[in-house]
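The data block below is input-v5.cif; it holds mmCIF, C-alpha atoms.
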```cif
data_start
#
loop_
_atom_site.label_atom_id
_atom_site.label_comp_id
_atom_site.auth_asym_id
_atom_site.auth_seq_id
_atom_site.Cartn_x
_atom_site.Cartn_y
_atom_site.Cartn_z
CA MET B 1 15.16 3.86 0.27
CA ILE B 2 11.85 4.92 -1.22
CA SER B 3 11.01 1.24 -1.69
CA TRP B 4 11.76 0.61 1.98
CA ALA B 5 9.35 3.38 2.92
CA GLU B 6 6.70 1.94 0.61
CA ASN B 7 7.09 -1.58 1.95
CA GLY B 8 7.17 -0.55 5.59
CA ASN B 9 10.71 -1.95 5.88
CA ALA B 10 12.22 -1.52 9.32
CA ARG B 11 15.42 -0.17 7.81
CA PHE B 12 13.67 3.01 6.70
CA PRO B 13 13.35 4.79 10.07
CA GLU B 14 17.04 4.15 10.87
CA THR B 15 18.21 5.39 7.51
CA LEU B 16 15.99 8.46 7.73
CA GLU B 17 17.80 9.31 10.95
CA ALA B 18 21.09 9.41 9.06
CA ILE B 19 19.84 11.87 6.46
CA TRP B 20 17.42 13.85 8.62
CA SER B 21 19.74 16.85 8.96
CA GLN B 22 19.55 17.27 5.18
CA VAL B 23 15.75 17.28 5.07
CA GLY B 24 13.83 20.55 4.83
CA ARG B 25 15.69 22.45 2.16
CA ALA B 26 13.51 21.60 -0.83
CA ARG B 27 10.52 23.59 -1.98
CA ARG B 28 7.55 21.23 -2.01
CA MET B 29 4.64 21.49 -4.38
CA GLY B 30 1.57 19.24 -4.50
CA ILE B 31 -0.39 18.98 -7.73
CA THR B 32 -3.87 17.51 -7.87
CA GLY B 33 -7.05 17.64 -9.94
CA PRO B 34 -9.54 15.37 -11.68
CA PRO B 35 -8.28 12.63 -14.04
CA GLY B 36 -7.37 13.97 -17.46
CA ALA B 37 -7.03 17.59 -16.39
CA GLY B 38 -3.44 17.58 -17.61
CA LYS B 39 -1.57 17.24 -14.33
CA SER B 40 1.30 15.13 -15.67
CA THR B 41 1.75 17.34 -18.71
CA LEU B 42 1.76 20.44 -16.52
CA VAL B 43 4.21 18.83 -14.10
CA ASN B 44 6.46 18.01 -17.03
CA GLU B 45 6.38 21.64 -18.21
CA LEU B 46 6.86 23.04 -14.71
CA ALA B 47 9.87 20.77 -14.31
CA ARG B 48 11.26 22.10 -17.58
CA LEU B 49 10.97 25.71 -16.39
CA ILE B 50 12.47 24.90 -13.00
CA ARG B 51 15.37 23.15 -14.73
CA GLU B 52 15.99 26.30 -16.78
CA GLU B 53 16.59 28.04 -13.46
CA GLU B 54 19.33 25.50 -12.75
CA SER B 55 17.38 23.78 -10.00
CA THR B 56 17.09 20.02 -9.70
CA VAL B 57 13.64 18.46 -9.55
CA GLY B 58 12.24 15.38 -7.88
CA ILE B 59 8.83 14.22 -9.09
CA LEU B 60 6.62 11.76 -7.29
CA ALA B 61 3.68 10.55 -9.38
CA VAL B 62 1.01 8.68 -7.45
CA ASP B 63 -1.48 6.54 -9.37
CA PRO B 64 -4.32 4.46 -7.99
CA SER B 65 -3.93 0.76 -7.23
CA SER B 66 -6.59 -1.59 -8.51
CA PRO B 67 -9.02 -2.38 -5.71
CA LEU B 68 -9.44 -5.90 -7.11
CA SER B 69 -5.93 -7.19 -7.68
CA GLY B 70 -3.91 -4.62 -5.76
CA GLY B 71 -1.76 -4.13 -8.84
CA ALA B 72 -1.30 -0.82 -10.60
CA LEU B 73 -0.57 0.61 -14.00
CA LEU B 74 1.70 3.61 -13.53
CA GLY B 75 1.58 5.69 -16.67
CA ASP B 76 2.43 9.24 -15.64
CA ARG B 77 5.94 8.87 -16.99
CA ILE B 78 4.60 8.69 -20.54
CA ARG B 79 3.77 12.38 -20.36
CA MET B 80 7.05 13.21 -18.69
CA GLU B 81 9.33 11.57 -21.19
CA ASP B 82 11.16 14.76 -22.14
CA ARG B 83 12.48 14.79 -18.61
CA THR B 84 13.73 11.19 -18.56
CA ALA B 85 16.94 12.05 -20.37
CA ASP B 86 17.76 14.81 -17.90
CA SER B 87 20.01 13.80 -15.01
CA GLY B 88 18.75 16.75 -12.94
CA VAL B 89 15.30 15.20 -12.74
CA PHE B 90 14.38 12.18 -10.65
CA ILE B 91 10.95 10.69 -11.32
CA ARG B 92 9.38 8.02 -9.17
CA SER B 93 5.96 6.44 -9.68
CA MET B 94 4.04 5.21 -6.67
CA ALA B 95 0.87 3.13 -6.45
CA SER B 96 -1.66 4.19 -3.86
CA ARG B 97 -2.04 0.62 -2.48
CA GLY B 98 -5.49 1.21 -1.07
CA SER B 99 -6.39 4.32 0.85
CA HIS B 100 -5.21 3.06 4.20
CA GLY B 101 -3.13 6.14 4.89
CA GLY B 102 0.04 4.13 4.38
CA MET B 103 0.41 5.65 0.96
CA ALA B 104 0.29 9.16 2.31
CA ARG B 105 3.05 8.28 4.74
CA ALA B 106 5.21 6.62 2.10
CA ALA B 107 4.71 9.64 -0.15
CA VAL B 108 5.85 12.05 2.56
CA ASP B 109 8.82 9.75 3.21
CA ALA B 110 9.67 9.74 -0.49
CA MET B 111 9.56 13.54 -0.55
CA ASP B 112 11.89 13.63 2.46
CA VAL B 113 14.32 11.30 0.70
CA MET B 114 14.35 13.38 -2.50
CA ASP B 115 14.80 16.50 -0.39
CA ALA B 116 17.71 15.00 1.53
CA PHE B 117 19.43 13.87 -1.63
CA GLY B 118 19.57 17.45 -2.83
CA MET B 119 16.55 18.04 -5.05
CA HIS B 120 15.79 21.77 -4.94
CA ASP B 121 12.18 21.29 -5.86
CA VAL B 122 9.98 18.32 -5.07
CA LEU B 123 6.69 17.92 -6.95
CA VAL B 124 4.10 15.35 -5.95
CA GLU B 125 1.19 14.58 -8.22
CA THR B 126 -2.01 12.70 -7.39
CA VAL B 127 -5.47 12.25 -8.80
CA GLY B 128 -7.76 14.45 -6.77
CA VAL B 129 -10.03 11.79 -5.36
CA GLY B 130 -10.15 10.40 -1.87
CA GLN B 131 -8.85 11.36 1.53
CA ALA B 132 -5.48 9.69 1.18
CA GLU B 133 -4.73 11.69 -1.95
CA TYR B 134 -5.68 14.88 -0.14
CA ASP B 135 -3.31 14.02 2.66
CA VAL B 136 -0.45 13.64 0.21
CA VAL B 137 -0.77 17.01 -1.45
CA ALA B 138 -1.62 18.66 1.84
CA ALA B 139 1.88 17.71 3.01
CA ALA B 140 3.34 20.12 0.43
CA ASP B 141 4.12 23.80 1.01
CA THR B 142 2.01 24.90 -1.94
CA VAL B 143 -0.96 23.05 -3.40
CA LEU B 144 -1.72 23.53 -7.07
CA VAL B 145 -5.14 22.37 -8.26
CA VAL B 146 -5.44 21.73 -11.99
CA LEU B 147 -8.86 21.94 -13.65
CA CYS B 148 -9.90 21.99 -17.27
CA PRO B 149 -13.04 23.02 -19.14
CA GLY B 150 -15.46 20.33 -20.20
CA ALA B 151 -15.17 18.28 -17.01
CA GLY B 152 -18.15 19.67 -15.15
CA ASP B 153 -18.80 23.26 -14.15
CA GLY B 154 -17.36 25.32 -11.35
CA VAL B 155 -19.89 24.06 -8.82
CA GLN B 156 -18.60 20.52 -9.33
CA ALA B 157 -15.15 21.70 -8.47
CA MET B 158 -16.42 23.46 -5.35
CA LYS B 159 -18.33 20.36 -4.35
CA SER B 160 -15.29 18.12 -4.52
CA GLY B 161 -13.60 20.13 -1.81
CA LEU B 162 -10.49 20.54 -3.92
CA LEU B 163 -10.73 24.31 -3.80
CA GLU B 164 -10.38 24.50 -0.03
CA LEU B 165 -7.00 22.92 -0.45
CA ALA B 166 -5.83 25.02 -3.38
CA ASP B 167 -3.17 27.70 -2.98
CA VAL B 168 -3.05 28.18 -6.73
CA ILE B 169 -5.69 27.14 -9.28
CA ALA B 170 -4.59 26.42 -12.85
CA ILE B 171 -7.19 26.29 -15.61
CA ASN B 172 -5.45 24.01 -18.09
CA LYS B 173 -6.39 23.48 -21.74
CA CYS B 174 -7.43 27.14 -21.75
CA ASP B 175 -7.80 27.12 -25.53
CA LEU B 176 -10.89 24.93 -25.20
CA PRO B 177 -14.36 26.48 -25.13
CA GLY B 178 -15.60 27.13 -21.62
CA ALA B 179 -12.23 28.05 -20.17
CA ASP B 180 -13.14 31.68 -19.54
CA ARG B 181 -16.39 30.72 -17.88
CA LEU B 182 -14.60 28.22 -15.63
CA THR B 183 -11.96 30.82 -14.80
CA SER B 184 -14.50 33.41 -13.72
CA ASP B 185 -16.45 30.77 -11.76
CA MET B 186 -13.29 29.88 -9.89
CA GLN B 187 -12.36 33.50 -9.26
CA GLU B 188 -15.77 34.02 -7.79
CA ALA B 189 -15.49 30.91 -5.64
CA VAL B 190 -12.14 32.10 -4.28
CA HIS B 191 -13.59 35.53 -3.67
CA LEU B 192 -16.49 34.05 -1.69
CA ARG B 193 -14.05 32.27 0.57
CA THR B 194 -11.64 35.10 1.12
CA ALA B 195 -13.58 38.36 0.83
CA GLY B 196 -13.14 40.52 3.88
CA ARG B 197 -10.89 37.99 5.58
CA ASP B 198 -7.18 38.08 6.11
CA ARG B 199 -6.49 35.05 4.03
CA TRP B 200 -4.47 34.06 0.98
CA ALA B 201 -6.64 34.55 -2.12
CA SER B 202 -5.69 31.71 -4.44
CA PRO B 203 -4.82 33.11 -7.86
CA VAL B 204 -6.62 31.53 -10.82
CA VAL B 205 -4.24 31.17 -13.77
CA GLN B 206 -4.98 30.04 -17.32
CA CYS B 207 -2.52 27.85 -19.14
CA SER B 208 -2.19 25.27 -21.86
CA ALA B 209 0.54 22.89 -20.80
CA GLY B 210 0.42 20.90 -24.03
CA LYS B 211 1.16 24.08 -26.01
CA ARG B 212 3.61 25.41 -23.42
CA GLU B 213 1.52 28.51 -22.86
CA GLY B 214 0.97 30.19 -19.51
CA VAL B 215 3.01 27.67 -17.55
CA ASP B 216 5.39 30.45 -16.51
CA ASP B 217 2.39 32.30 -15.07
CA VAL B 218 1.49 29.22 -13.03
CA LEU B 219 5.04 28.99 -11.70
CA ALA B 220 5.01 32.71 -10.89
CA ALA B 221 1.79 32.24 -8.91
CA VAL B 222 3.34 29.35 -6.99
CA LYS B 223 6.35 31.52 -6.21
CA SER B 224 4.21 34.37 -4.95
CA HIS B 225 2.41 31.93 -2.65
CA ARG B 226 5.80 30.79 -1.40
CA GLU B 227 6.74 34.38 -0.64
CA HIS B 228 3.46 34.85 1.15
CA LEU B 229 4.31 31.77 3.24
CA SER B 230 7.92 32.66 3.92
CA ASP B 231 7.43 33.89 7.50
CA THR B 232 5.09 31.14 8.53
CA LEU B 233 6.71 28.28 6.62
CA PRO B 234 8.57 26.69 9.58
CA ASP B 235 5.38 26.71 11.60
CA HIS B 236 3.35 25.45 8.63
CA ARG B 237 5.76 22.53 8.21
CA ARG B 238 5.88 21.77 11.93
CA GLN B 239 2.09 21.44 11.98
CA LYS B 240 2.33 18.90 9.17
CA ARG B 241 5.03 16.97 11.03
CA ILE B 242 2.78 16.82 14.09
CA GLN B 243 0.12 15.26 11.88
CA GLN B 244 2.70 12.78 10.62
CA VAL B 245 3.75 11.78 14.14
CA ARG B 246 0.12 11.46 15.12
CA GLN B 247 -0.50 9.13 12.22
CA VAL B 248 2.50 6.93 12.94
CA VAL B 249 1.60 6.77 16.64
CA GLY B 250 -1.92 5.77 15.68
CA GLU B 251 -0.67 2.99 13.43
CA GLY B 252 1.80 1.80 16.06
CA LEU B 253 -0.88 1.71 18.75
CA ASP B 254 -3.26 -0.09 16.46
CA GLU B 255 -0.68 -2.75 15.78
CA ALA B 256 0.36 -3.02 19.45
CA LEU B 257 -3.17 -3.28 20.80
CA TRP B 258 -4.92 -5.43 18.25
CA LYS B 259 -2.25 -7.59 16.73
CA THR B 260 0.02 -8.29 19.69
CA GLY B 261 -1.73 -6.83 22.75
CA GLY B 262 -4.61 -9.28 22.96
CA TYR B 263 -7.25 -6.56 22.92
CA GLY B 264 -9.21 -8.46 20.31
CA GLU B 265 -9.91 -11.28 22.80
CA GLN B 266 -10.75 -8.88 25.63
CA VAL B 267 -13.26 -7.02 23.52
CA GLU B 268 -14.77 -10.27 22.31
CA ALA B 269 -15.39 -11.24 25.93
CA MET B 270 -16.94 -7.84 26.69
CA LEU B 271 -19.28 -8.11 23.72
CA CYS B 272 -20.33 -11.62 24.75
CA SER B 273 -21.41 -10.20 28.10
CA GLY B 274 -24.03 -8.23 26.16
CA ILE B 275 -22.76 -4.63 26.25
CA THR B 276 -22.93 -2.34 23.22
CA PRO B 277 -19.89 -1.72 20.99
CA TYR B 278 -19.75 1.87 22.25
CA ALA B 279 -19.70 0.78 25.88
CA ALA B 280 -16.89 -1.66 25.09
CA ALA B 281 -14.92 1.03 23.24
CA SER B 282 -15.33 3.48 26.07
CA LYS B 283 -14.06 0.88 28.59
CA VAL B 284 -11.00 0.17 26.46
CA THR B 285 -10.21 3.87 26.05
CA GLN B 286 -10.58 4.59 29.76
CA ASN B 287 -8.37 1.66 30.71
CA LEU B 288 -5.68 2.83 28.30
CA LEU B 289 -5.75 6.41 29.53
CA LYS B 290 -5.69 5.24 33.15
CA SER B 291 -2.63 3.08 32.68
CA ALA B 292 -0.95 5.91 30.77
CA GLU B 293 -1.61 8.26 33.71
CA GLU B 294 -0.31 5.72 36.22
CA ASN B 295 2.87 5.35 34.19
CA GLN B 296 3.32 9.08 34.18
CA SER B 297 2.88 9.48 37.94
CA ASN B 298 5.23 6.54 38.53
CA GLU B 299 7.84 8.26 36.43
CA LEU B 300 7.39 11.47 38.37
CA GLN B 301 7.85 9.66 41.68
CA ALA B 302 10.94 7.88 40.46
CA MET H 1 2.64 -2.79 7.47
CA SER H 2 2.20 -2.75 3.74
CA GLU H 3 3.37 -5.79 1.87
CA ARG H 4 6.03 -5.83 -0.78
CA ARG H 5 4.78 -5.81 -4.33
CA ILE H 6 6.53 -6.82 -7.51
CA ARG H 7 7.43 -3.72 -9.54
CA VAL H 8 7.77 -4.15 -13.29
CA LEU H 9 8.97 -1.78 -15.99
CA VAL H 10 7.40 -2.45 -19.38
CA ALA H 11 9.45 -0.70 -22.05
CA LYS H 12 9.51 -0.20 -25.80
CA PRO H 13 13.07 0.36 -26.99
CA GLY H 14 13.97 1.68 -30.41
CA LEU H 15 11.96 2.66 -33.42
CA ASP H 16 8.85 0.61 -33.23
CA GLY H 17 5.47 2.22 -33.11
CA HIS H 18 3.16 -0.54 -31.95
CA ASP H 19 2.52 -0.98 -28.26
CA ARG H 20 -0.67 -2.96 -28.13
CA GLY H 21 1.22 -6.05 -27.00
CA ALA H 22 3.13 -4.11 -24.35
CA LYS H 23 -0.09 -2.59 -23.03
CA THR H 24 -1.79 -5.99 -22.98
CA VAL H 25 1.04 -7.52 -20.99
CA ALA H 26 1.13 -4.49 -18.66
CA SER H 27 -2.59 -4.85 -17.91
CA VAL H 28 -2.27 -8.58 -17.31
CA LEU H 29 0.59 -8.08 -14.85
CA ARG H 30 -1.44 -5.39 -13.09
CA ASP H 31 -4.32 -7.85 -12.78
CA HIS H 32 -1.88 -10.24 -11.15
CA GLY H 33 -1.23 -7.65 -8.45
CA MET H 34 2.00 -6.16 -9.75
CA GLU H 35 2.84 -2.47 -9.98
CA VAL H 36 3.62 -1.81 -13.59
CA VAL H 37 5.37 1.29 -14.92
CA TYR H 38 4.91 1.76 -18.65
CA THR H 39 7.40 3.98 -20.48
CA GLY H 40 5.66 4.78 -23.74
CA LEU H 41 7.27 4.40 -27.15
CA HIS H 42 10.75 5.04 -28.56
CA LYS H 43 13.02 4.71 -25.55
CA THR H 44 16.79 4.35 -25.76
CA PRO H 45 18.48 1.56 -23.78
CA ALA H 46 20.06 4.21 -21.52
CA MET H 47 16.66 5.79 -20.79
CA ILE H 48 15.16 2.41 -19.95
CA ALA H 49 17.96 1.57 -17.53
CA GLU H 50 17.71 5.01 -15.94
CA ILE H 51 13.96 4.58 -15.41
CA ALA H 52 14.54 1.10 -13.97
CA LEU H 53 16.96 2.65 -11.50
CA GLN H 54 14.68 5.52 -10.45
CA GLU H 55 11.66 3.26 -10.12
CA ASP H 56 13.58 0.51 -8.31
CA VAL H 57 11.87 -2.22 -10.32
CA ASP H 58 12.35 -5.97 -9.89
CA VAL H 59 11.64 -6.78 -13.52
CA VAL H 60 12.28 -5.12 -16.88
CA GLY H 61 10.14 -6.36 -19.75
CA LEU H 62 11.02 -5.30 -23.30
CA SER H 63 8.70 -5.44 -26.24
CA ILE H 64 10.37 -5.35 -29.66
CA LEU H 65 8.58 -5.87 -32.94
CA SER H 66 11.06 -4.08 -35.18
CA GLY H 67 13.57 -6.87 -35.71
CA ALA H 68 16.33 -5.01 -33.86
CA HIS H 69 16.18 -7.37 -30.88
CA MET H 70 19.72 -8.74 -31.30
CA GLU H 71 21.00 -5.17 -30.96
CA LEU H 72 18.64 -3.79 -28.32
CA PHE H 73 18.35 -6.58 -25.74
CA PRO H 74 22.11 -6.79 -25.04
CA ARG H 75 22.41 -3.01 -24.89
CA VAL H 76 19.65 -2.67 -22.32
CA ARG H 77 21.30 -5.43 -20.28
CA GLN H 78 24.63 -3.62 -20.49
CA GLU H 79 23.11 -0.30 -19.41
CA LEU H 80 21.43 -2.05 -16.47
CA VAL H 81 24.69 -3.65 -15.37
CA GLU H 82 26.51 -0.31 -15.64
CA ARG H 83 24.01 1.09 -13.13
CA GLY H 84 24.49 -1.81 -10.74
CA LEU H 85 21.17 -3.40 -11.65
CA ASP H 86 22.48 -6.90 -12.34
CA HIS H 87 19.81 -8.33 -10.06
CA VAL H 88 16.91 -7.11 -12.22
CA LEU H 89 15.03 -9.93 -13.94
CA MET H 90 14.75 -9.35 -17.66
CA VAL H 91 12.00 -10.69 -19.85
CA GLY H 92 11.08 -9.88 -23.40
CA GLY H 93 8.57 -10.42 -26.11
CA GLY H 94 7.86 -9.61 -29.71
CA ILE H 95 8.57 -11.02 -33.12
CA ILE H 96 11.76 -12.92 -32.39
CA PRO H 97 12.88 -15.99 -34.40
CA GLY H 98 13.53 -19.17 -32.44
CA ASP H 99 17.29 -19.19 -33.10
CA ASP H 100 17.64 -15.64 -31.83
CA MET H 101 15.59 -16.51 -28.76
CA GLN H 102 18.04 -19.25 -27.87
CA VAL H 103 21.03 -16.97 -28.29
CA LEU H 104 19.46 -14.21 -26.20
CA GLU H 105 18.33 -16.56 -23.45
CA ALA H 106 21.82 -18.01 -23.27
CA ASP H 107 23.20 -14.46 -23.05
CA GLY H 108 21.63 -13.67 -19.73
CA PHE H 109 18.01 -13.11 -20.59
CA ALA H 110 15.80 -14.88 -18.15
CA LYS H 111 13.01 -15.58 -20.54
CA LEU H 112 11.53 -14.58 -23.88
CA PHE H 113 7.91 -14.95 -24.84
CA GLY H 114 6.84 -15.12 -28.48
CA PRO H 115 3.47 -14.56 -30.12
CA GLY H 116 0.75 -16.90 -28.91
CA THR H 117 2.06 -17.08 -25.35
CA ASN H 118 -0.64 -17.40 -22.73
CA THR H 119 -0.42 -14.05 -20.92
CA ASP H 120 -1.05 -15.62 -17.51
CA SER H 121 2.01 -17.78 -17.94
CA ILE H 122 4.17 -14.62 -18.19
CA ALA H 123 2.81 -13.41 -14.86
CA GLU H 124 3.30 -16.82 -13.26
CA TYR H 125 6.88 -17.01 -14.51
CA ILE H 126 7.67 -13.58 -13.02
CA GLN H 127 6.01 -14.40 -9.72
CA THR H 128 7.93 -17.66 -9.37
CA GLU H 129 11.29 -16.11 -10.25
CA ILE H 130 10.87 -13.08 -8.02
CA SER H 131 9.70 -15.07 -5.01
CA LYS H 132 12.84 -17.23 -5.38
CA ARG H 133 15.01 -14.10 -5.40
CA TRP H 134 13.24 -12.53 -2.44
CA ALA H 135 13.55 -15.74 -0.47
CA ALA H 136 17.28 -15.79 -1.23
CA GLU H 137 17.58 -12.14 -0.13
CA GLU H 138 15.85 -12.89 3.14
CA ALA H 139 18.04 -15.90 3.75
CA GLN H 140 21.08 -13.63 3.33
CA ALA H 141 19.75 -10.97 5.70
#
```
Please express what this file holds, its structure, as structure tokens.
Amino acid sequence: MISWAENGNARFPETLEAIWSQVGRARRMGITGPPGAGKSTLVNELARLIREEESTVGILAVDPSSPLSGGALLGDRIRMEDRTADSGVFIRSMASRGSHGGMARAAVDAMDVMDAFGMHDVLVETVGVGQAEYDVVAAADTVLVVLCPGAGDGVQAMKSGLLELADVIAINKCDLPGADRLTSDMQEAVHLRTAGRDRWASPVVQCSAGKREGVDDVLAAVKSHREHLSDTLPDHRRQKRIQQVRQVVGEGLDEALWKTGGYGEQVEAMLCSGITPYAAASKVTQNLLKSAEENQSNELQA
Amino acid sequence: MSERRIRVLVAKPGLDGHDRGAKTVASVLRDHGMEVVYTGLHKTPAMIAEIALQEDVDVVGLSILSGAHMELFPRVRQELVERGLDHVLMVGGGIIPGDDMQVLEADGFAKLFGPGTNTDSIAEYIQTEISKRWAAEEAQA
């Protein structure tokens, strides 16, 4: 089913209908951060702790596709091998297949599938670069950003925009020099964003996933964010679903107008008549809105 | 809509600590546009089949340099079949004597590639085989 979602197979929407009543029970966590920060290792350790609480775990590991060949080398499993032997853990690797937004949709679909099939916790992991990757983790209830010392200072992290997304910040490899500095930088950055405002102040937690230290603190921070969310969670999720619908509508319209609707030819004619691209775009938009309005009033009359 | 891509699992079963060949093949397949999952070292046949199931791969490629190929290849095949993955194309490579290759190929292995194989020919073989299978699937549906 996840493959259907990835390939845009028409069977996916029908099948989703059949399992839709089961979707929405899982706790969803998005994990992101720069390459090499230790995301996969941390995910592996988090999964171990969650399993100790008798919960099942679904992990979705997204890796970039090659922009040249479109192929991908999916290696996150290597750092999750302890979990492979565990039947309570389902791991799926996904290639980003270009940043066309399709990946974000397939990833959300994959999370829905894991959720429906009874995973108590669903973890999605992506490299923290690019809009599409942001969209993926943003679809989770809680976003965990993983940083480590030695990969640029705190300002770099602020620059990348990752912090705006973070509900919890983990400083991994905290035994390395510079970890304390990075931690206080991050605490300050969070403070700057939240001071005096009624807003969730993202906790900054040190850990060393490779040594199995502090991972329980990270999980505790994620849980406290979940508690903080508890009242607003349905609304939070509904907002994300609206985004999802908006995206699918956009893709559907794009396909209908440009691939089958003959708009390409119309616009070509308009441009040949010498008008600017903006004038042509505005004409197209107005025509579309007008016919949508006419349809609506026709429906009202009927 | 996004197109379908060939998904390959490259796996190292058993006690064999060298994966340069596996990584080389994995990179070549990636460069041919496939999505390659690499398992890392020391996997049991059951683990490999379980990963193949979770990742919904079209191809499983095994790399064995330890000499245990006559034991490991059939066991991976058996574990795959037990999980209903009969349709998965299996390929393999490593230090495998010619006689053994013949036996294994006759036993349901699609294809084995020994040392000195042109890496592109592995990718071409997989592409040809998988497009045949996909065409057959479409004809059925």
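Here CA of Ile59 in chain B stands at a distance of 6.1 Å from CA of Phe90 in chain B.
A straight line drawn from CA of Arg48 in chain B to CA of Gly40 in chain H is 19.2 Å long.
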Per-residue nearest contacts of range 107-220 of chain B to range 51-57 of chain B (10 Å; only C-alpha atoms) as JSON lines:
```
{"residue": "B:Met114", "atom": "CA", "partner": "B:Val57", "partner_atom": "CA", "distance": 8.7}
{"residue": "B:Asp115", "atom": "CA", "partner": "B:Val57", "partner_atom": "CA", "distance": 9.4}
{"residue": "B:Gly118", "atom": "CA", "partner": "B:Thr56", "partner_atom": "CA", "distance": 7.7}
{"residue": "B:Met119", "atom": "CA", "partner": "B:Thr56", "partner_atom": "CA", "distance": 5.1}
{"residue": "B:His120", "atom": "CA", "partner": "B:Thr56", "partner_atom": "CA", "distance": 5.2}
{"residue": "B:Asp121", "atom": "CA", "partner": "B:Val57", "partner_atom": "CA", "distance": 4.9}
{"residue": "B:Val122", "atom": "CA", "partner": "B:Val57", "partner_atom": "CA", "distance": 5.8}
{"residue": "B:Leu123", "atom": "CA", "partner": "B:Val57", "partner_atom": "CA", "distance": 7.4}
```
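Applied to the file shown here, the PyMOL selection byres ((chain H and resi 85) around 10) selects the residues H:Ala49, H:Ala52, H:Leu53, H:Asp56, H:Val57, H:Asp58, H:Arg77, H:Gln78, H:Glu79, H:Leu80, H:Val81, H:Glu82, H:Arg83, H:Gly84, H:Asp86, H:His87, H:Val88, H:Leu89.
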Please produce a file of those selected residues containing C-alpha atoms, as a PDB file, in the coordinates of the input.
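In the end it all went to again21.pdb:
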```
ATOM      1  CA  ALA H  49      17.960   1.570 -17.530  1.00  0.00           C
ATOM      2  CA  ALA H  52      14.540   1.100 -13.970  1.00  0.00           C
ATOM      3  CA  LEU H  53      16.960   2.650 -11.500  1.00  0.00           C
ATOM      4  CA  ASP H  56      13.580   0.510  -8.310  1.00  0.00           C
ATOM      5  CA  VAL H  57      11.870  -2.220 -10.320  1.00  0.00           C
ATOM      6  CA  ASP H  58      12.350  -5.970  -9.890  1.00  0.00           C
ATOM      7  CA  ARG H  77      21.300  -5.430 -20.280  1.00  0.00           C
ATOM      8  CA  GLN H  78      24.630  -3.620 -20.490  1.00  0.00           C
ATOM      9  CA  GLU H  79      23.110  -0.300 -19.410  1.00  0.00           C
ATOM     10  CA  LEU H  80      21.430  -2.050 -16.470  1.00  0.00           C
ATOM     11  CA  VAL H  81      24.690  -3.650 -15.370  1.00  0.00           C
ATOM     12  CA  GLU H  82      26.510  -0.310 -15.640  1.00  0.00           C
ATOM     13  CA  ARG H  83      24.010   1.090 -13.130  1.00  0.00           C
ATOM     14  CA  GLY H  84      24.490  -1.810 -10.740  1.00  0.00           C
ATOM     15  CA  ASP H  86      22.480  -6.900 -12.340  1.00  0.00           C
ATOM     16  CA  HIS H  87      19.810  -8.330 -10.060  1.00  0.00           C
ATOM     17  CA  VAL H  88      16.910  -7.110 -12.220  1.00  0.00           C
ATOM     18  CA  LEU H  89      15.030  -9.930 -13.940  1.00  0.00           C
TER      19      LEU H  89
END
```
Response to the item:
For Asn9 in chain B, the closest of H:Phe113, H:Glu3, H:Glu35, H:Ser63 counting all atoms listed in the file is H:Glu3
What residues come out when you apply the PyMOL selection byres ((chain H) within 10 of (chain B)) to this file, written as a tab-separated table (two decimals) with C-alpha atoms, in the frame of the given file?
```tsv
chain	number	residue	atom	x	y	z
H	1	MET	CA	2.64	-2.79	7.47
H	2	SER	CA	2.20	-2.75	3.74
H	3	GLU	CA	3.37	-5.79	1.87
H	4	ARG	CA	6.03	-5.83	-0.78
H	5	ARG	CA	4.78	-5.81	-4.33
H	6	ILE	CA	6.53	-6.82	-7.51
H	7	ARG	CA	7.43	-3.72	-9.54
H	8	VAL	CA	7.77	-4.15	-13.29
H	9	LEU	CA	8.97	-1.78	-15.99
H	23	LYS	CA	-0.09	-2.59	-23.03
H	26	ALA	CA	1.13	-4.49	-18.66
H	27	SER	CA	-2.59	-4.85	-17.91
H	28	VAL	CA	-2.27	-8.58	-17.31
H	29	LEU	CA	0.59	-8.08	-14.85
H	30	ARG	CA	-1.44	-5.39	-13.09
H	31	ASP	CA	-4.32	-7.85	-12.78
H	32	HIS	CA	-1.88	-10.24	-11.15
H	33	GLY	CA	-1.23	-7.65	-8.45
H	34	MET	CA	2.00	-6.16	-9.75
H	35	GLU	CA	2.84	-2.47	-9.98
H	36	VAL	CA	3.62	-1.81	-13.59
H	37	VAL	CA	5.37	1.29	-14.92
H	38	TYR	CA	4.91	1.76	-18.65
H	39	THR	CA	7.40	3.98	-20.48
H	40	GLY	CA	5.66	4.78	-23.74
H	41	LEU	CA	7.27	4.40	-27.15
H	42	HIS	CA	10.75	5.04	-28.56
H	43	LYS	CA	13.02	4.71	-25.55
H	44	THR	CA	16.79	4.35	-25.76
H	46	ALA	CA	20.06	4.21	-21.52
H	47	MET	CA	16.66	5.79	-20.79
H	48	ILE	CA	15.16	2.41	-19.95
H	50	GLU	CA	17.71	5.01	-15.94
H	51	ILE	CA	13.96	4.58	-15.41
H	52	ALA	CA	14.54	1.10	-13.97
H	53	LEU	CA	16.96	2.65	-11.50
H	54	GLN	CA	14.68	5.52	-10.45
H	55	GLU	CA	11.66	3.26	-10.12
H	56	ASP	CA	13.58	0.51	-8.31
H	57	VAL	CA	11.87	-2.22	-10.32
```
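One distance worth recording is that between CA of Thr285 in chain B and CA of Ala269 in chain B, which is 16.0 Å.
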Extending 3 Å beyond the listed atoms of range 209-217 of chain B on each side, what axis-aligned box results? I want centre and edge lengths in Å to one decimal, as lines of an AutoDock Vina configuration file.
```
center_x = 2.9
center_y = 26.6
center_z = -20.5
size_x = 11.0
size_y = 17.4
size_z = 16.9
```
